[in-house]
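S.K.: My structure is in model.pdb, and what it holds is PDB, N, CA and C atoms:
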```pdb
MODEL        1
ATOM      1  N   MET A   1       0.821  -1.198   0.000
ATOM      2  CA  MET A   1       0.000   0.000   0.000
ATOM      3  C   MET A   1       0.859   1.252   0.000
ATOM      4  N   LEU A   2       1.937   1.233   0.785
ATOM      5  CA  LEU A   2       2.831   2.386   0.852
ATOM      6  C   LEU A   2       3.506   2.623  -0.494
ATOM      7  N   HIS A   3       3.870   1.545  -1.200
ATOM      8  CA  HIS A   3       4.482   1.687  -2.523
ATOM      9  C   HIS A   3       3.515   2.377  -3.487
ATOM     10  N   PHE A   4       2.252   2.044  -3.421
ATOM     11  CA  PHE A   4       1.242   2.661  -4.289
ATOM     12  C   PHE A   4       1.112   4.160  -3.998
ATOM     13  N   ILE A   5       1.122   4.530  -2.730
ATOM     14  CA  ILE A   5       1.030   5.950  -2.352
ATOM     15  C   ILE A   5       2.264   6.715  -2.827
ATOM     16  N   ILE A   6       3.445   6.123  -2.665
ATOM     17  CA  ILE A   6       4.670   6.766  -3.135
ATOM     18  C   ILE A   6       4.650   6.904  -4.651
ATOM     19  N   MET A   7       4.134   5.898  -5.338
ATOM     20  CA  MET A   7       4.047   5.951  -6.791
ATOM     21  C   MET A   7       3.119   7.078  -7.247
ATOM     22  N   ILE A   8       1.984   7.254  -6.593
ATOM     23  CA  ILE A   8       1.047   8.333  -6.934
ATOM     24  C   ILE A   8       1.690   9.694  -6.672
ATOM     25  N   ILE A   9       2.342   9.852  -5.531
ATOM     26  CA  ILE A   9       2.991  11.125  -5.201
ATOM     27  C   ILE A   9       4.095  11.440  -6.209
ATOM     28  N   MET A  10       4.895  10.441  -6.562
ATOM     29  CA  MET A  10       5.967  10.662  -7.541
ATOM     30  C   MET A  10       5.402  11.023  -8.909
ATOM     31  N   ALA A  11       4.299  10.413  -9.310
ATOM     32  CA  ALA A  11       3.683  10.747 -10.592
ATOM     33  C   ALA A  11       3.220  12.201 -10.598
ATOM     34  N   ILE A  12       2.645  12.647  -9.494
ATOM     35  CA  ILE A  12       2.189  14.046  -9.402
ATOM     36  C   ILE A  12       3.383  14.995  -9.459
ATOM     37  N   VAL A  13       4.441  14.687  -8.704
ATOM     38  CA  VAL A  13       5.627  15.550  -8.688
ATOM     39  C   VAL A  13       6.284  15.591 -10.070
ATOM     40  N   ILE A  14       6.414  14.447 -10.711
ATOM     41  CA  ILE A  14       7.011  14.393 -12.045
ATOM     42  C   ILE A  14       6.161  15.175 -13.046
ATOM     43  N   GLY A  15       4.847  15.055 -12.962
ATOM     44  CA  GLY A  15       3.957  15.817 -13.851
ATOM     45  C   GLY A  15       4.069  17.316 -13.632
ATOM     46  N   ILE A  16       4.175  17.742 -12.380
ATOM     47  CA  ILE A  16       4.309  19.171 -12.075
ATOM     48  C   ILE A  16       5.644  19.705 -12.595
ATOM     49  N   ILE A  17       6.720  18.942 -12.408
ATOM     50  CA  ILE A  17       8.029  19.377 -12.903
ATOM     51  C   ILE A  17       8.037  19.430 -14.428
ATOM     52  N   GLY A  18       7.465  18.424 -15.074
ATOM     53  CA  GLY A  18       7.381  18.431 -16.536
ATOM     54  C   GLY A  18       6.571  19.598 -17.054
ATOM     55  N   ASP A  19       5.495  19.937 -16.367
ATOM     56  CA  ASP A  19       4.664  21.085 -16.736
ATOM     57  C   ASP A  19       5.433  22.383 -16.549
ATOM     58  N   ALA A  20       6.214  22.485 -15.486
ATOM     59  CA  ALA A  20       6.999  23.704 -15.228
ATOM     60  C   ALA A  20       8.117  23.877 -16.253
ATOM     61  N   LEU A  21       8.697  22.789 -16.710
ATOM     62  CA  LEU A  21       9.767  22.882 -17.699
ATOM     63  C   LEU A  21       9.267  23.400 -19.043
ATOM     64  N   VAL A  22       8.062  23.005 -19.416
ATOM     65  CA  VAL A  22       7.519  23.390 -20.716
ATOM     66  C   VAL A  22       6.790  24.726 -20.646
ATOM     67  N   LYS A  23       6.344  25.094 -19.473
ATOM     68  CA  LYS A  23       5.596  26.341 -19.240
ATOM     69  C   LYS A  23       4.253  26.358 -19.972
ATOM     70  N   ASN A  24       3.657  25.203 -20.117
ATOM     71  CA  ASN A  24       2.266  25.100 -20.566
ATOM     72  C   ASN A  24       1.422  24.851 -19.338
ATOM     73  N   SER A  25       0.132  25.067 -19.462
ATOM     74  CA  SER A  25      -0.697  24.739 -18.312
ATOM     75  C   SER A  25      -1.372  23.403 -18.581
ATOM     76  N   MET A  26      -1.024  22.426 -17.766
ATOM     77  CA  MET A  26      -1.609  21.093 -17.888
ATOM     78  C   MET A  26      -3.016  21.149 -17.333
ATOM     79  N   PRO A  27      -4.019  20.816 -18.153
ATOM     80  CA  PRO A  27      -5.389  20.848 -17.634
ATOM     81  C   PRO A  27      -5.620  19.729 -16.620
ATOM     82  N   GLY A  28      -6.497  19.959 -15.697
ATOM     83  CA  GLY A  28      -6.889  18.926 -14.760
ATOM     84  C   GLY A  28      -6.269  19.027 -13.391
ATOM     85  N   GLY A  29      -5.424  20.002 -13.156
ATOM     86  CA  GLY A  29      -4.842  20.172 -11.831
ATOM     87  C   GLY A  29      -3.977  18.997 -11.420
ATOM     88  N   LEU A  30      -4.180  18.487 -10.211
ATOM     89  CA  LEU A  30      -3.359  17.391  -9.705
ATOM     90  C   LEU A  30      -3.607  16.084 -10.458
ATOM     91  N   ILE A  31      -4.852  15.866 -10.855
ATOM     92  CA  ILE A  31      -5.159  14.649 -11.618
ATOM     93  C   ILE A  31      -4.464  14.706 -12.976
ATOM     94  N   GLY A  32      -4.489  15.872 -13.626
ATOM     95  CA  GLY A  32      -3.793  16.039 -14.898
ATOM     96  C   GLY A  32      -2.296  15.865 -14.746
ATOM     97  N   SER A  33      -1.737  16.385 -13.654
ATOM     98  CA  SER A  33      -0.308  16.216 -13.395
ATOM     99  C   SER A  33       0.031  14.753 -13.138
ATOM    100  N   MET A  34      -0.856  14.046 -12.441
ATOM    101  CA  MET A  34      -0.630  12.636 -12.185
ATOM    102  C   MET A  34      -0.646  11.845 -13.498
ATOM    103  N   ILE A  35      -1.581  12.157 -14.371
ATOM    104  CA  ILE A  35      -1.648  11.485 -15.665
ATOM    105  C   ILE A  35      -0.400  11.797 -16.481
ATOM    106  N   ALA A  36       0.021  13.078 -16.472
ATOM    107  CA  ALA A  36       1.237  13.457 -17.180
ATOM    108  C   ALA A  36       2.447  12.727 -16.606
ATOM    109  N   GLY A  37       2.477  12.524 -15.302
ATOM    110  CA  GLY A  37       3.570  11.790 -14.673
ATOM    111  C   GLY A  37       3.614  10.337 -15.095
ATOM    112  N   PHE A  38       2.466   9.672 -15.106
ATOM    113  CA  PHE A  38       2.420   8.270 -15.525
ATOM    114  C   PHE A  38       2.756   8.120 -17.004
ATOM    115  N   VAL A  39       2.154   8.954 -17.844
ATOM    116  CA  VAL A  39       2.433   8.880 -19.286
ATOM    117  C   VAL A  39       3.886   9.268 -19.547
ATOM    118  N   GLY A  40       4.370  10.277 -18.838
ATOM    119  CA  GLY A  40       5.753  10.694 -18.997
ATOM    120  C   GLY A  40       6.732   9.614 -18.587
ATOM    121  N   ALA A  41       6.439   8.903 -17.517
ATOM    122  CA  ALA A  41       7.305   7.806 -17.079
ATOM    123  C   ALA A  41       7.332   6.708 -18.129
ATOM    124  N   TRP A  42       6.180   6.394 -18.692
ATOM    125  CA  TRP A  42       6.121   5.381 -19.736
ATOM    126  C   TRP A  42       6.870   5.843 -20.980
ATOM    127  N   LEU A  43       6.606   7.077 -21.411
ATOM    128  CA  LEU A  43       7.230   7.619 -22.612
ATOM    129  C   LEU A  43       8.742   7.776 -22.420
ATOM    130  N   GLY A  44       9.149   8.280 -21.267
ATOM    131  CA  GLY A  44      10.574   8.441 -20.991
ATOM    132  C   GLY A  44      11.323   7.127 -20.959
ATOM    133  N   SER A  45      10.731   6.106 -20.347
ATOM    134  CA  SER A  45      11.407   4.810 -20.311
ATOM    135  C   SER A  45      11.411   4.150 -21.676
ATOM    136  N   LEU A  46      10.410   4.420 -22.479
ATOM    137  CA  LEU A  46      10.355   3.876 -23.830
ATOM    138  C   LEU A  46      11.447   4.494 -24.695
ATOM    139  N   ILE A  47      11.640   5.810 -24.589
ATOM    140  CA  ILE A  47      12.603   6.517 -25.427
ATOM    141  C   ILE A  47      14.022   6.437 -24.849
ATOM    142  N   LEU A  48      14.169   6.686 -23.549
ATOM    143  CA  LEU A  48      15.495   6.830 -22.946
ATOM    144  C   LEU A  48      15.949   5.635 -22.118
ATOM    145  N   GLY A  49      15.073   4.719 -21.819
ATOM    146  CA  GLY A  49      15.434   3.585 -20.978
ATOM    147  C   GLY A  49      15.266   3.913 -19.506
ATOM    148  N   ASN A  50      15.716   3.010 -18.663
ATOM    149  CA  ASN A  50      15.582   3.176 -17.209
ATOM    150  C   ASN A  50      16.947   3.415 -16.587
ATOM    151  N   TRP A  51      17.390   4.652 -16.578
ATOM    152  CA  TRP A  51      18.663   5.011 -15.964
ATOM    153  C   TRP A  51      18.425   6.134 -14.979
ATOM    154  N   GLY A  52      19.373   6.350 -14.130
ATOM    155  CA  GLY A  52      19.231   7.389 -13.113
ATOM    156  C   GLY A  52      18.553   6.844 -11.874
ATOM    157  N   PRO A  53      18.289   7.734 -10.934
ATOM    158  CA  PRO A  53      17.666   7.276  -9.683
ATOM    159  C   PRO A  53      16.238   6.786  -9.901
ATOM    160  N   VAL A  54      15.877   5.734  -9.194
ATOM    161  CA  VAL A  54      14.535   5.160  -9.288
ATOM    162  C   VAL A  54      13.845   5.386  -7.947
ATOM    163  N   ILE A  55      12.719   6.091  -7.977
ATOM    164  CA  ILE A  55      11.939   6.349  -6.774
ATOM    165  C   ILE A  55      10.493   5.972  -7.073
ATOM    166  N   GLY A  56       9.922   5.129  -6.268
ATOM    167  CA  GLY A  56       8.532   4.731  -6.445
ATOM    168  C   GLY A  56       8.288   3.978  -7.737
ATOM    169  N   GLY A  57       9.307   3.329  -8.265
ATOM    170  CA  GLY A  57       9.160   2.584  -9.500
ATOM    171  C   GLY A  57       9.389   3.412 -10.750
ATOM    172  N   PHE A  58       9.703   4.690 -10.603
ATOM    173  CA  PHE A  58       9.947   5.577 -11.736
ATOM    174  C   PHE A  58      11.428   5.894 -11.834
ATOM    175  N   ALA A  59      12.005   5.743 -13.026
ATOM    176  CA  ALA A  59      13.338   6.280 -13.283
ATOM    177  C   ALA A  59      13.125   7.780 -13.451
ATOM    178  N   VAL A  60      13.576   8.566 -12.495
ATOM    179  CA  VAL A  60      13.153   9.959 -12.341
ATOM    180  C   VAL A  60      13.509  10.831 -13.542
ATOM    181  N   ILE A  61      14.751  10.796 -14.001
ATOM    182  CA  ILE A  61      15.175  11.700 -15.071
ATOM    183  C   ILE A  61      14.454  11.406 -16.389
ATOM    184  N   PRO A  62      14.404  10.154 -16.871
ATOM    185  CA  PRO A  62      13.631   9.901 -18.091
ATOM    186  C   PRO A  62      12.145  10.208 -17.926
ATOM    187  N   ALA A  63      11.612  10.008 -16.724
ATOM    188  CA  ALA A  63      10.193  10.292 -16.492
ATOM    189  C   ALA A  63       9.907  11.791 -16.587
ATOM    190  N   ILE A  64      10.799  12.617 -16.053
ATOM    191  CA  ILE A  64      10.611  14.070 -16.135
ATOM    192  C   ILE A  64      10.705  14.533 -17.582
ATOM    193  N   ILE A  65      11.685  14.008 -18.311
ATOM    194  CA  ILE A  65      11.821  14.375 -19.727
ATOM    195  C   ILE A  65      10.601  13.911 -20.514
ATOM    196  N   GLY A  66      10.123  12.707 -20.236
ATOM    197  CA  GLY A  66       8.932  12.203 -20.911
ATOM    198  C   GLY A  66       7.687  13.004 -20.571
ATOM    199  N   ALA A  67       7.556  13.432 -19.322
ATOM    200  CA  ALA A  67       6.407  14.246 -18.913
ATOM    201  C   ALA A  67       6.447  15.606 -19.592
ATOM    202  N   ALA A  68       7.636  16.207 -19.690
ATOM    203  CA  ALA A  68       7.769  17.486 -20.373
ATOM    204  C   ALA A  68       7.406  17.339 -21.842
ATOM    205  N   LEU A  69       7.844  16.248 -22.459
ATOM    206  CA  LEU A  69       7.509  15.990 -23.862
ATOM    207  C   LEU A  69       6.002  15.792 -24.035
ATOM    208  N   PHE A  70       5.384  15.056 -23.116
ATOM    209  CA  PHE A  70       3.940  14.823 -23.191
ATOM    210  C   PHE A  70       3.153  16.118 -23.035
ATOM    211  N   VAL A  71       3.541  16.965 -22.083
ATOM    212  CA  VAL A  71       2.846  18.238 -21.872
ATOM    213  C   VAL A  71       3.040  19.152 -23.080
ATOM    214  N   PHE A  72       4.240  19.135 -23.668
ATOM    215  CA  PHE A  72       4.508  19.941 -24.861
ATOM    216  C   PHE A  72       3.619  19.505 -26.021
ATOM    217  N   ILE A  73       3.543  18.203 -26.262
ATOM    218  CA  ILE A  73       2.709  17.685 -27.357
ATOM    219  C   ILE A  73       1.243  17.971 -27.087
ATOM    220  N   LEU A  74       0.808  17.811 -25.851
ATOM    221  CA  LEU A  74      -0.575  18.114 -25.489
ATOM    222  C   LEU A  74      -0.877  19.594 -25.719
ATOM    223  N   GLY A  75       0.076  20.473 -25.399
ATOM    224  CA  GLY A  75      -0.093  21.902 -25.636
ATOM    225  C   GLY A  75      -0.203  22.231 -27.117
ATOM    226  N   LEU A  76       0.580  21.528 -27.958
ATOM    227  CA  LEU A  76       0.481  21.742 -29.401
ATOM    228  C   LEU A  76      -0.890  21.344 -29.927
ATOM    229  N   PHE A  77      -1.397  20.202 -29.461
ATOM    230  CA  PHE A  77      -2.715  19.765 -29.907
ATOM    231  C   PHE A  77      -3.816  20.694 -29.431
ATOM    232  N   SER A  78      -3.700  21.201 -28.221
ATOM    233  CA  SER A  78      -4.758  22.094 -27.715
ATOM    234  C   SER A  78      -4.735  23.435 -28.440
ATOM    235  N   ARG A  79      -3.546  23.909 -28.810
ATOM    236  CA  ARG A  79      -3.478  25.175 -29.585
ATOM    237  C   ARG A  79      -4.044  25.000 -30.974
ATOM    238  N   SER A  80      -3.729  23.871 -31.630
ATOM    239  CA  SER A  80      -4.235  23.641 -32.982
ATOM    240  C   SER A  80      -5.742  23.404 -32.973
ATOM    241  N   ALA A  81      -6.259  22.793 -31.914
ATOM    242  CA  ALA A  81      -7.705  22.591 -31.815
ATOM    243  C   ALA A  81      -8.417  23.905 -31.541
ATOM    244  N   GLY A  82      -7.762  24.821 -30.839
ATOM    245  CA  GLY A  82      -8.352  26.137 -30.552
ATOM    246  C   GLY A  82      -8.442  27.006 -31.791
ATOM    247  N   ARG A  83      -7.542  26.818 -32.738
ATOM    248  CA  ARG A  83      -7.551  27.615 -33.970
ATOM    249  C   ARG A  83      -8.596  27.130 -34.962
ATOM    250  N   ALA A  84      -8.930  25.852 -34.891
ATOM    251  CA  ALA A  84      -9.867  25.287 -35.878
ATOM    252  C   ALA A  84     -11.296  25.629 -35.576
TER     253      ALA A  84
ENDMDL
END
```
What's the structure tokens form of this structure?
M.R.:
Amino acid sequence: MLHFIIMIIMAIVIGIIGDALVKNSMPGGLIGSMIAGFVGAWLGSLILGNWGPVIGGFAVIPAIIGAALFVFILGLFSRSAGRA
């Protein structure tokens, strides 16, 4: 149970850091940041592998880079949808 709580907290922190790096506003508040953290961890490990410190099951550095990439891509889609 404690591992699950740490994993949720790390996903939120990773999503917030990824959002701050890109300077887009991730919709959904903490839930949106948590989703960005989970997707970012998956995307980062897919692209960069699992290196660096691992906390709560997340390789932190690839997860942050993946979260920033996910928020950036999400921001591009939301801007293009707003113009149409």
S.K.: Can you tell me, as a PyMOL selection string, what residues are no more than 8 Å from Asn24 (chain A) when counting only C-alpha atoms, ignoring any on the same chain fewer than 4 positions away?
M.R.: chain A and resi 19-20+71-72+75
S.K.: On this structure, which residues satisfy the PyMOL selection byres ((chain A and resi 62) around 7), written as an MDAnalysis selection string?
M.R.: chainID A and resid 40:41 43:45 48:49 51:52 59:61 63:67
S.K.: To one decimal place, how far is atom N of Ile35 (chain A) from CA of Pro53 (chain A) in Å?
M.R.: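 Atom-to-atom, atom N of Ile35 (chain A) to CA of Pro53 (chain A), that is 20.4 Å.
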S.K.: Run DSSP on the backbone and give me the residues of chain A it puts in alpha helix (DSSP H), as a ChimeraX atom specification.
M.R.: /A:2-22,29-48,60-83
S.K.: Using Å and a single decimal, report how far CA of Gly29 (chain A) sits from CA of Ile73 (chain A).
M.R.: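 CA of Gly29 (chain A) lies 17.4 Å from CA of Ile73 (chain A).
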S.K.: Using only N, CA and C atoms for the distances, tell me which of A:Met1, A:Ile6, A:Met34, A:Ala68 is nearest to Gly18 (chain A).
M.R.: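 Using only N, CA and C atoms, Gly18 (chain A) sits closest to A:Ala68.
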S.K.: Run DSSP on the backbone and tell me which residues of chain A come out as strand (DSSP E); list them as a PyMOL selection string.
M.R.: chain A and resi 54-55+58-59
S.K.: Between CA of Leu30 (chain A) and CA of Ile12 (chain A), what distance in Å does the model show, to one decimal?
M.R.: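 Computing it gives 6.5 Å between the two atoms.
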S.K.: First collect every listed atom of region 42-61 of chain A; then fit an axis-aligned box around them, widen it by 3 Å on each side, and give centre and edge lengths in Å to one decimal, as lines of an AutoDock Vina configuration file.
M.R.:
```
center_x = 12.7
center_y = 7.1
center_z = -15.8
size_x = 19.3
size_y = 15.1
size_z = 25.2
```
S.K.: Taking the block above, write region 33-68 of chain A with N, CA and C atoms as a PDB file, in the first residue's frame.
M.R.:
```
ATOM      1  N   SER A  33      -1.737  16.385 -13.654  1.00  0.00           N
ATOM      2  CA  SER A  33      -0.308  16.216 -13.395  1.00  0.00           C
ATOM      3  C   SER A  33       0.031  14.753 -13.138  1.00  0.00           C
ATOM      4  N   MET A  34      -0.856  14.046 -12.441  1.00  0.00           N
ATOM      5  CA  MET A  34      -0.630  12.636 -12.185  1.00  0.00           C
ATOM      6  C   MET A  34      -0.646  11.845 -13.498  1.00  0.00           C
ATOM      7  N   ILE A  35      -1.581  12.157 -14.371  1.00  0.00           N
ATOM      8  CA  ILE A  35      -1.648  11.485 -15.665  1.00  0.00           C
ATOM      9  C   ILE A  35      -0.400  11.797 -16.481  1.00  0.00           C
ATOM     10  N   ALA A  36       0.021  13.078 -16.472  1.00  0.00           N
ATOM     11  CA  ALA A  36       1.237  13.457 -17.180  1.00  0.00           C
ATOM     12  C   ALA A  36       2.447  12.727 -16.606  1.00  0.00           C
ATOM     13  N   GLY A  37       2.477  12.524 -15.302  1.00  0.00           N
ATOM     14  CA  GLY A  37       3.570  11.790 -14.673  1.00  0.00           C
ATOM     15  C   GLY A  37       3.614  10.337 -15.095  1.00  0.00           C
ATOM     16  N   PHE A  38       2.466   9.672 -15.106  1.00  0.00           N
ATOM     17  CA  PHE A  38       2.420   8.270 -15.525  1.00  0.00           C
ATOM     18  C   PHE A  38       2.756   8.120 -17.004  1.00  0.00           C
ATOM     19  N   VAL A  39       2.154   8.954 -17.844  1.00  0.00           N
ATOM     20  CA  VAL A  39       2.433   8.880 -19.286  1.00  0.00           C
ATOM     21  C   VAL A  39       3.886   9.268 -19.547  1.00  0.00           C
ATOM     22  N   GLY A  40       4.370  10.277 -18.838  1.00  0.00           N
ATOM     23  CA  GLY A  40       5.753  10.694 -18.997  1.00  0.00           C
ATOM     24  C   GLY A  40       6.732   9.614 -18.587  1.00  0.00           C
ATOM     25  N   ALA A  41       6.439   8.903 -17.517  1.00  0.00           N
ATOM     26  CA  ALA A  41       7.305   7.806 -17.079  1.00  0.00           C
ATOM     27  C   ALA A  41       7.332   6.708 -18.129  1.00  0.00           C
ATOM     28  N   TRP A  42       6.180   6.394 -18.692  1.00  0.00           N
ATOM     29  CA  TRP A  42       6.121   5.381 -19.736  1.00  0.00           C
ATOM     30  C   TRP A  42       6.870   5.843 -20.980  1.00  0.00           C
ATOM     31  N   LEU A  43       6.606   7.077 -21.411  1.00  0.00           N
ATOM     32  CA  LEU A  43       7.230   7.619 -22.612  1.00  0.00           C
ATOM     33  C   LEU A  43       8.742   7.776 -22.420  1.00  0.00           C
ATOM     34  N   GLY A  44       9.149   8.280 -21.267  1.00  0.00           N
ATOM     35  CA  GLY A  44      10.574   8.441 -20.991  1.00  0.00           C
ATOM     36  C   GLY A  44      11.323   7.127 -20.959  1.00  0.00           C
ATOM     37  N   SER A  45      10.731   6.106 -20.347  1.00  0.00           N
ATOM     38  CA  SER A  45      11.407   4.810 -20.311  1.00  0.00           C
ATOM     39  C   SER A  45      11.411   4.150 -21.676  1.00  0.00           C
ATOM     40  N   LEU A  46      10.410   4.420 -22.479  1.00  0.00           N
ATOM     41  CA  LEU A  46      10.355   3.876 -23.830  1.00  0.00           C
ATOM     42  C   LEU A  46      11.447   4.494 -24.695  1.00  0.00           C
ATOM     43  N   ILE A  47      11.640   5.810 -24.589  1.00  0.00           N
ATOM     44  CA  ILE A  47      12.603   6.517 -25.427  1.00  0.00           C
ATOM     45  C   ILE A  47      14.022   6.437 -24.849  1.00  0.00           C
ATOM     46  N   LEU A  48      14.169   6.686 -23.549  1.00  0.00           N
ATOM     47  CA  LEU A  48      15.495   6.830 -22.946  1.00  0.00           C
ATOM     48  C   LEU A  48      15.949   5.635 -22.118  1.00  0.00           C
ATOM     49  N   GLY A  49      15.073   4.719 -21.819  1.00  0.00           N
ATOM     50  CA  GLY A  49      15.434   3.585 -20.978  1.00  0.00           C
ATOM     51  C   GLY A  49      15.266   3.913 -19.506  1.00  0.00           C
ATOM     52  N   ASN A  50      15.716   3.010 -18.663  1.00  0.00           N
ATOM     53  CA  ASN A  50      15.582   3.176 -17.209  1.00  0.00           C
ATOM     54  C   ASN A  50      16.947   3.415 -16.587  1.00  0.00           C
ATOM     55  N   TRP A  51      17.390   4.652 -16.578  1.00  0.00           N
ATOM     56  CA  TRP A  51      18.663   5.011 -15.964  1.00  0.00           C
ATOM     57  C   TRP A  51      18.425   6.134 -14.979  1.00  0.00           C
ATOM     58  N   GLY A  52      19.373   6.350 -14.130  1.00  0.00           N
ATOM     59  CA  GLY A  52      19.231   7.389 -13.113  1.00  0.00           C
ATOM     60  C   GLY A  52      18.553   6.844 -11.874  1.00  0.00           C
ATOM     61  N   PRO A  53      18.289   7.734 -10.934  1.00  0.00           N
ATOM     62  CA  PRO A  53      17.666   7.276  -9.683  1.00  0.00           C
ATOM     63  C   PRO A  53      16.238   6.786  -9.901  1.00  0.00           C
ATOM     64  N   VAL A  54      15.877   5.734  -9.194  1.00  0.00           N
ATOM     65  CA  VAL A  54      14.535   5.160  -9.288  1.00  0.00           C
ATOM     66  C   VAL A  54      13.845   5.386  -7.947  1.00  0.00           C
ATOM     67  N   ILE A  55      12.719   6.091  -7.977  1.00  0.00           N
ATOM     68  CA  ILE A  55      11.939   6.349  -6.774  1.00  0.00           C
ATOM     69  C   ILE A  55      10.493   5.972  -7.073  1.00  0.00           C
ATOM     70  N   GLY A  56       9.922   5.129  -6.268  1.00  0.00           N
ATOM     71  CA  GLY A  56       8.532   4.731  -6.445  1.00  0.00           C
ATOM     72  C   GLY A  56       8.288   3.978  -7.737  1.00  0.00           C
ATOM     73  N   GLY A  57       9.307   3.329  -8.265  1.00  0.00           N
ATOM     74  CA  GLY A  57       9.160   2.584  -9.500  1.00  0.00           C
ATOM     75  C   GLY A  57       9.389   3.412 -10.750  1.00  0.00           C
ATOM     76  N   PHE A  58       9.703   4.690 -10.603  1.00  0.00           N
ATOM     77  CA  PHE A  58       9.947   5.577 -11.736  1.00  0.00           C
ATOM     78  C   PHE A  58      11.428   5.894 -11.834  1.00  0.00           C
ATOM     79  N   ALA A  59      12.005   5.743 -13.026  1.00  0.00           N
ATOM     80  CA  ALA A  59      13.338   6.280 -13.283  1.00  0.00           C
ATOM     81  C   ALA A  59      13.125   7.780 -13.451  1.00  0.00           C
ATOM     82  N   VAL A  60      13.576   8.566 -12.495  1.00  0.00           N
ATOM     83  CA  VAL A  60      13.153   9.959 -12.341  1.00  0.00           C
ATOM     84  C   VAL A  60      13.509  10.831 -13.542  1.00  0.00           C
ATOM     85  N   ILE A  61      14.751  10.796 -14.001  1.00  0.00           N
ATOM     86  CA  ILE A  61      15.175  11.700 -15.071  1.00  0.00           C
ATOM     87  C   ILE A  61      14.454  11.406 -16.389  1.00  0.00           C
ATOM     88  N   PRO A  62      14.404  10.154 -16.871  1.00  0.00           N
ATOM     89  CA  PRO A  62      13.631   9.901 -18.091  1.00  0.00           C
ATOM     90  C   PRO A  62      12.145  10.208 -17.926  1.00  0.00           C
ATOM     91  N   ALA A  63      11.612  10.008 -16.724  1.00  0.00           N
ATOM     92  CA  ALA A  63      10.193  10.292 -16.492  1.00  0.00           C
ATOM     93  C   ALA A  63       9.907  11.791 -16.587  1.00  0.00           C
ATOM     94  N   ILE A  64      10.799  12.617 -16.053  1.00  0.00           N
ATOM     95  CA  ILE A  64      10.611  14.070 -16.135  1.00  0.00           C
ATOM     96  C   ILE A  64      10.705  14.533 -17.582  1.00  0.00           C
ATOM     97  N   ILE A  65      11.685  14.008 -18.311  1.00  0.00           N
ATOM     98  CA  ILE A  65      11.821  14.375 -19.727  1.00  0.00           C
ATOM     99  C   ILE A  65      10.601  13.911 -20.514  1.00  0.00           C
ATOM    100  N   GLY A  66      10.123  12.707 -20.236  1.00  0.00           N
ATOM    101  CA  GLY A  66       8.932  12.203 -20.911  1.00  0.00           C
ATOM    102  C   GLY A  66       7.687  13.004 -20.571  1.00  0.00           C
ATOM    103  N   ALA A  67       7.556  13.432 -19.322  1.00  0.00           N
ATOM    104  CA  ALA A  67       6.407  14.246 -18.913  1.00  0.00           C
ATOM    105  C   ALA A  67       6.447  15.606 -19.592  1.00  0.00           C
ATOM    106  N   ALA A  68       7.636  16.207 -19.690  1.00  0.00           N
ATOM    107  CA  ALA A  68       7.769  17.486 -20.373  1.00  0.00           C
ATOM    108  C   ALA A  68       7.406  17.339 -21.842  1.00  0.00           C
TER     109      ALA A  68
END
```
